[in-house]
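Shown next: protein23.pdb, given as PDB, C-alpha atoms.
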```
ATOM      1  CA  VAL A   1       0.000   0.000   0.000
ATOM      2  CA  PHE A   2       1.488   3.371  -1.032
ATOM      3  CA  ASN A   3       1.594   6.077   1.623
ATOM      4  CA  SER A   4       1.615   9.425  -0.212
ATOM      5  CA  SER A   5       2.443  11.431   2.920
ATOM      6  CA  ASP A   6       5.997  10.057   3.029
ATOM      7  CA  ASN A   7       6.305   8.363  -0.402
ATOM      8  CA  THR A   8       6.764   4.852   1.016
ATOM      9  CA  PHE A   9       5.142   1.489   0.550
ATOM     10  CA  ASP A  10       3.841  -0.491   3.505
ATOM     11  CA  VAL A  11       4.763  -4.017   2.460
ATOM     12  CA  SER A  12       3.509  -5.474   5.731
ATOM     13  CA  GLN A  13      -0.035  -5.096   4.439
ATOM     14  CA  LYS A  14       0.542  -6.787   1.090
ATOM     15  CA  GLY A  15       2.989  -9.475   2.175
ATOM     16  CA  SER A  16       6.545  -9.916   1.055
ATOM     17  CA  LYS A  17       7.700 -12.148  -1.783
ATOM     18  CA  ALA A  18      11.283 -12.031  -0.504
ATOM     19  CA  THR A  19      12.829 -15.339   0.518
ATOM     20  CA  ASP A  20      16.424 -14.159   1.017
ATOM     21  CA  ALA A  21      18.207 -11.084   2.331
ATOM     22  CA  VAL A  22      21.811  -9.954   1.868
ATOM     23  CA  ALA A  23      23.608  -6.960   3.374
ATOM     24  CA  VAL A  24      24.617  -4.443   0.697
ATOM     25  CA  THR A  25      28.051  -2.861   0.453
ATOM     26  CA  PRO A  26      27.577   0.107  -1.883
ATOM     27  CA  ASP A  27      30.035  -0.044  -4.802
ATOM     28  CA  ASP A  28      30.542   2.377  -7.694
ATOM     29  CA  ALA A  29      32.111  -0.227  -9.999
ATOM     30  CA  ASN A  30      30.274  -3.498  -9.443
ATOM     31  CA  ASP A  31      26.699  -4.753  -9.602
ATOM     32  CA  LEU A  32      25.153  -6.656  -6.728
ATOM     33  CA  ALA A  33      26.103 -10.350  -6.746
ATOM     34  CA  THR A  34      22.478 -11.328  -7.411
ATOM     35  CA  THR A  35      20.072  -9.247  -9.488
ATOM     36  CA  PRO A  36      17.414  -8.047  -9.643
ATOM     37  CA  THR A  37      16.340  -7.320  -6.112
ATOM     38  CA  GLU A  38      12.738  -7.638  -4.937
ATOM     39  CA  GLY A  39      13.345  -4.628  -2.712
ATOM     40  CA  LEU A  40      15.778  -2.714  -0.545
ATOM     41  CA  TYR A  41      15.549  -2.355   3.203
ATOM     42  CA  ILE A  42      16.996   0.953   4.400
ATOM     43  CA  GLY A  43      18.195   0.814   7.992
ATOM     44  CA  VAL A  44      19.256   4.428   8.496
ATOM     45  CA  THR A  45      17.657   7.377   6.678
ATOM     46  CA  GLY A  46      19.493   8.890   3.713
ATOM     47  CA  ASP A  47      19.901   9.027  -0.050
ATOM     48  CA  VAL A  48      20.416   5.916  -2.189
ATOM     49  CA  LYS A  49      21.873   6.034  -5.702
ATOM     50  CA  VAL A  50      21.083   2.907  -7.732
ATOM     51  CA  ASP A  51      20.977   1.395 -11.186
ATOM     52  CA  MET A  52      17.434   0.263 -11.820
ATOM     53  CA  ILE A  53      16.935  -3.066 -13.588
ATOM     54  CA  ASP A  54      16.027  -1.182 -16.802
ATOM     55  CA  GLY A  55      19.527   0.356 -16.817
ATOM     56  CA  SER A  56      18.602   3.839 -15.640
ATOM     57  CA  THR A  57      20.503   5.453 -12.784
ATOM     58  CA  VAL A  58      18.531   7.319 -10.145
ATOM     59  CA  THR A  59      19.110   8.800  -6.710
ATOM     60  CA  PHE A  60      16.265   8.377  -4.246
ATOM     61  CA  THR A  61      16.546  11.186  -1.720
ATOM     62  CA  ALA A  62      15.691  11.148   1.956
ATOM     63  CA  LEU A  63      14.564   7.515   2.138
ATOM     64  CA  LYS A  64      13.348   6.820   5.642
ATOM     65  CA  GLY A  65      15.075   4.198   7.738
ATOM     66  CA  GLY A  66      13.256   1.063   8.798
ATOM     67  CA  ILE A  67      11.358   0.790   5.511
ATOM     68  CA  VAL A  68      11.412  -1.777   2.692
ATOM     69  CA  TYR A  69      11.254  -0.078  -0.713
ATOM     70  CA  PRO A  70      10.072  -2.270  -3.633
ATOM     71  CA  TYR A  71      12.907  -1.361  -6.002
ATOM     72  CA  SER A  72      14.348  -3.790  -8.561
ATOM     73  CA  VAL A  73      17.974  -2.720  -8.742
ATOM     74  CA  SER A  74      21.243  -4.117 -10.022
ATOM     75  CA  ARG A  75      23.715  -1.746  -8.307
ATOM     76  CA  VAL A  76      23.865   0.445  -5.222
ATOM     77  CA  TYR A  77      26.495   3.176  -5.591
ATOM     78  CA  ALA A  78      28.853   4.283  -2.816
ATOM     79  CA  THR A  79      29.057   7.794  -4.254
ATOM     80  CA  GLY A  80      25.699   9.472  -3.761
ATOM     81  CA  THR A  81      24.479   7.004  -1.124
ATOM     82  CA  THR A  82      24.249   8.332   2.417
ATOM     83  CA  ALA A  83      21.750   5.804   3.813
ATOM     84  CA  THR A  84      23.301   2.937   5.745
ATOM     85  CA  ASP A  85      22.416  -0.574   6.882
ATOM     86  CA  ILE A  86      21.015  -1.400   3.439
ATOM     87  CA  VAL A  87      19.782  -4.927   2.837
ATOM     88  CA  ALA A  88      18.845  -6.365  -0.567
ATOM     89  CA  LEU A  89      15.778  -8.586  -0.557
ATOM     90  CA  TYR A  90      15.359 -11.446  -3.047
TER
END
```
For this file, write the structure as structure tokens.
Amino acid sequence: VFNSSDNTFDVSQKGSKATDAVAVTPDDANDLATTPTEGLYIGVTGDVKVDMIDGSTVTFTALKGGIVYPYSVSRVYATGTTATDIVALY
């Protein structure tokens, strides 16, 4: 369910398809070991720069910590990412 007040999705209401989770080390040169993700968990609020599965690069600003975002990504960049404790969900 999308919450327009803070631009997040509440996945607890729709259920998660994720069956695996891996801590993310942001890297400017390398894709994640497994792609695409089913989502990203952001532990600590901040910006996250990613390559989306369609090849586009985007920076999501001010993502709130403690939220799972349903993004299908192939890379999480170190440069441009200030959020921490990121976990890829598969």
Task: Nearest residue to A:Val68 from the set A:Ala83, A:Asp51, A:Leu40, A:Tyr90 (distances using only C-alpha atoms) - done: A:Leu40
Task: Residues matched by the PyMOL selection byres ((chain A and resi 24-38) around 8), written as a ChimeraX atom specification - done: /A:17-18,22-23,39-40,53,70-79,81,85-90
TODO: Could you tell me how far atom CA of A:Gly43 lies from atom CA of A:Gly66, in Å and to one decimal?
DONE: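 Atom CA of A:Gly43 sits 5.0 Å away from atom CA of A:Gly66.
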Open item on the list: Report, in Å to a single decimal, how far apart atom CA of A:Tyr41 and atom CA of A:Ser56 are.
Closed with: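 Separation of atom CA of A:Ser56 and atom CA of A:Tyr41: 20.1 Å.
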Using 6 Å of padding on each side, determine the axis-aligned box around all atoms of stretch 61-78 of chain A present in the file and give its centre and edge lengths in Å to one decimal, as JSON.
```
{"center_x": 19.5, "center_y": 3.5, "center_z": -0.6, "size_x": 30.8, "size_y": 27.3, "size_z": 30.8}
```
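When atom CA of A:Ala62 is paired with atom CA of A:Val48, their separation reads 8.2 Å.
The closest residue to A:Gly80, picked from A:Gly55, A:Gly65, A:Asp47, A:Ile42 and counting all atoms listed in the file, is A:Asp47.
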- [ ] Find, counting all atoms listed in the file, the residue in A:Lys64, A:Tyr69, A:Thr82, A:Asp20 that gets nearest to A:Thr45.
- [x]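 Comparing A:Lys64, A:Tyr69, A:Thr82, A:Asp20 against A:Thr45, the winner is A:Lys64.
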Reconstructed all heavy atoms for stretch 36-47 of chain A, given as a CSV table (one decimal), in the coordinates of the input:
```csv
chain,number,residue,atom,x,y,z
A,36,PRO,N,17.8,-9.3,-10.3
A,36,PRO,CA,17.4,-8.0,-9.6
A,36,PRO,C,17.0,-8.3,-8.2
A,36,PRO,O,16.6,-9.4,-7.8
A,36,PRO,CB,16.3,-7.5,-10.5
A,36,PRO,CG,15.6,-8.8,-10.9
A,36,PRO,CD,16.7,-9.8,-11.2
A,37,THR,N,16.9,-7.2,-7.5
A,37,THR,CA,16.3,-7.3,-6.1
A,37,THR,C,14.8,-7.3,-6.2
A,37,THR,O,14.2,-6.8,-7.1
A,37,THR,CB,16.8,-6.1,-5.2
A,37,THR,OG1,16.4,-4.9,-5.8
A,37,THR,CG2,18.3,-6.1,-5.1
A,38,GLU,N,14.2,-7.8,-5.1
A,38,GLU,CA,12.7,-7.6,-4.9
A,38,GLU,C,12.5,-6.3,-4.2
A,38,GLU,O,11.4,-5.8,-4.2
A,38,GLU,CB,12.2,-8.8,-4.1
A,38,GLU,CG,12.2,-10.1,-4.9
A,38,GLU,CD,11.1,-10.2,-5.9
A,38,GLU,OE1,10.0,-9.5,-5.7
A,38,GLU,OE2,11.2,-10.9,-6.9
A,39,GLY,N,13.5,-5.9,-3.5
A,39,GLY,CA,13.3,-4.6,-2.7
A,39,GLY,C,14.6,-4.3,-2.0
A,39,GLY,O,15.5,-5.1,-1.9
A,40,LEU,N,14.7,-3.1,-1.4
A,40,LEU,CA,15.8,-2.7,-0.5
A,40,LEU,C,15.2,-2.3,0.8
A,40,LEU,O,14.3,-1.5,0.9
A,40,LEU,CB,16.5,-1.5,-1.2
A,40,LEU,CG,17.3,-1.8,-2.4
A,40,LEU,CD1,17.9,-0.5,-2.9
A,40,LEU,CD2,18.4,-2.8,-2.2
A,41,TYR,N,15.8,-2.8,1.9
A,41,TYR,CA,15.5,-2.4,3.2
A,41,TYR,C,16.6,-1.3,3.5
A,41,TYR,O,17.8,-1.5,3.3
A,41,TYR,CB,15.7,-3.5,4.2
A,41,TYR,CG,15.6,-3.0,5.6
A,41,TYR,CD1,14.4,-2.7,6.3
A,41,TYR,CD2,16.8,-2.8,6.4
A,41,TYR,CE1,14.4,-2.3,7.6
A,41,TYR,CE2,16.8,-2.4,7.7
A,41,TYR,CZ,15.6,-2.1,8.3
A,41,TYR,OH,15.5,-1.6,9.6
A,42,ILE,N,16.1,-0.1,4.0
A,42,ILE,CA,17.0,1.0,4.4
A,42,ILE,C,17.0,1.0,5.9
A,42,ILE,O,15.9,1.3,6.5
A,42,ILE,CB,16.5,2.3,3.8
A,42,ILE,CG1,16.4,2.2,2.3
A,42,ILE,CG2,17.5,3.4,4.2
A,42,ILE,CD1,17.6,1.8,1.5
A,43,GLY,N,18.1,0.8,6.5
A,43,GLY,CA,18.2,0.8,8.0
A,43,GLY,C,18.2,2.2,8.6
A,43,GLY,O,17.5,2.5,9.5
A,44,VAL,N,19.1,3.1,8.0
A,44,VAL,CA,19.3,4.4,8.5
A,44,VAL,C,19.0,5.4,7.4
A,44,VAL,O,19.5,5.3,6.3
A,44,VAL,CB,20.7,4.6,9.0
A,44,VAL,CG1,20.9,6.1,9.5
A,44,VAL,CG2,21.0,3.6,10.2
A,45,THR,N,18.1,6.4,7.6
A,45,THR,CA,17.7,7.4,6.7
A,45,THR,C,18.8,8.0,5.9
A,45,THR,O,19.9,8.3,6.4
A,45,THR,CB,16.9,8.5,7.4
A,45,THR,OG1,15.8,7.9,8.1
A,45,THR,CG2,16.4,9.6,6.5
A,46,GLY,N,18.5,8.2,4.6
A,46,GLY,CA,19.5,8.9,3.7
A,46,GLY,C,19.1,8.7,2.3
A,46,GLY,O,18.1,8.2,1.9
A,47,ASP,N,20.1,9.1,1.4
A,47,ASP,CA,19.9,9.0,0.0
A,47,ASP,C,20.5,7.7,-0.5
A,47,ASP,O,21.4,7.2,0.1
A,47,ASP,CB,20.7,10.1,-0.8
A,47,ASP,CG,20.2,11.5,-0.4
A,47,ASP,OD1,19.1,11.7,0.2
A,47,ASP,OD2,20.9,12.5,-0.7
```
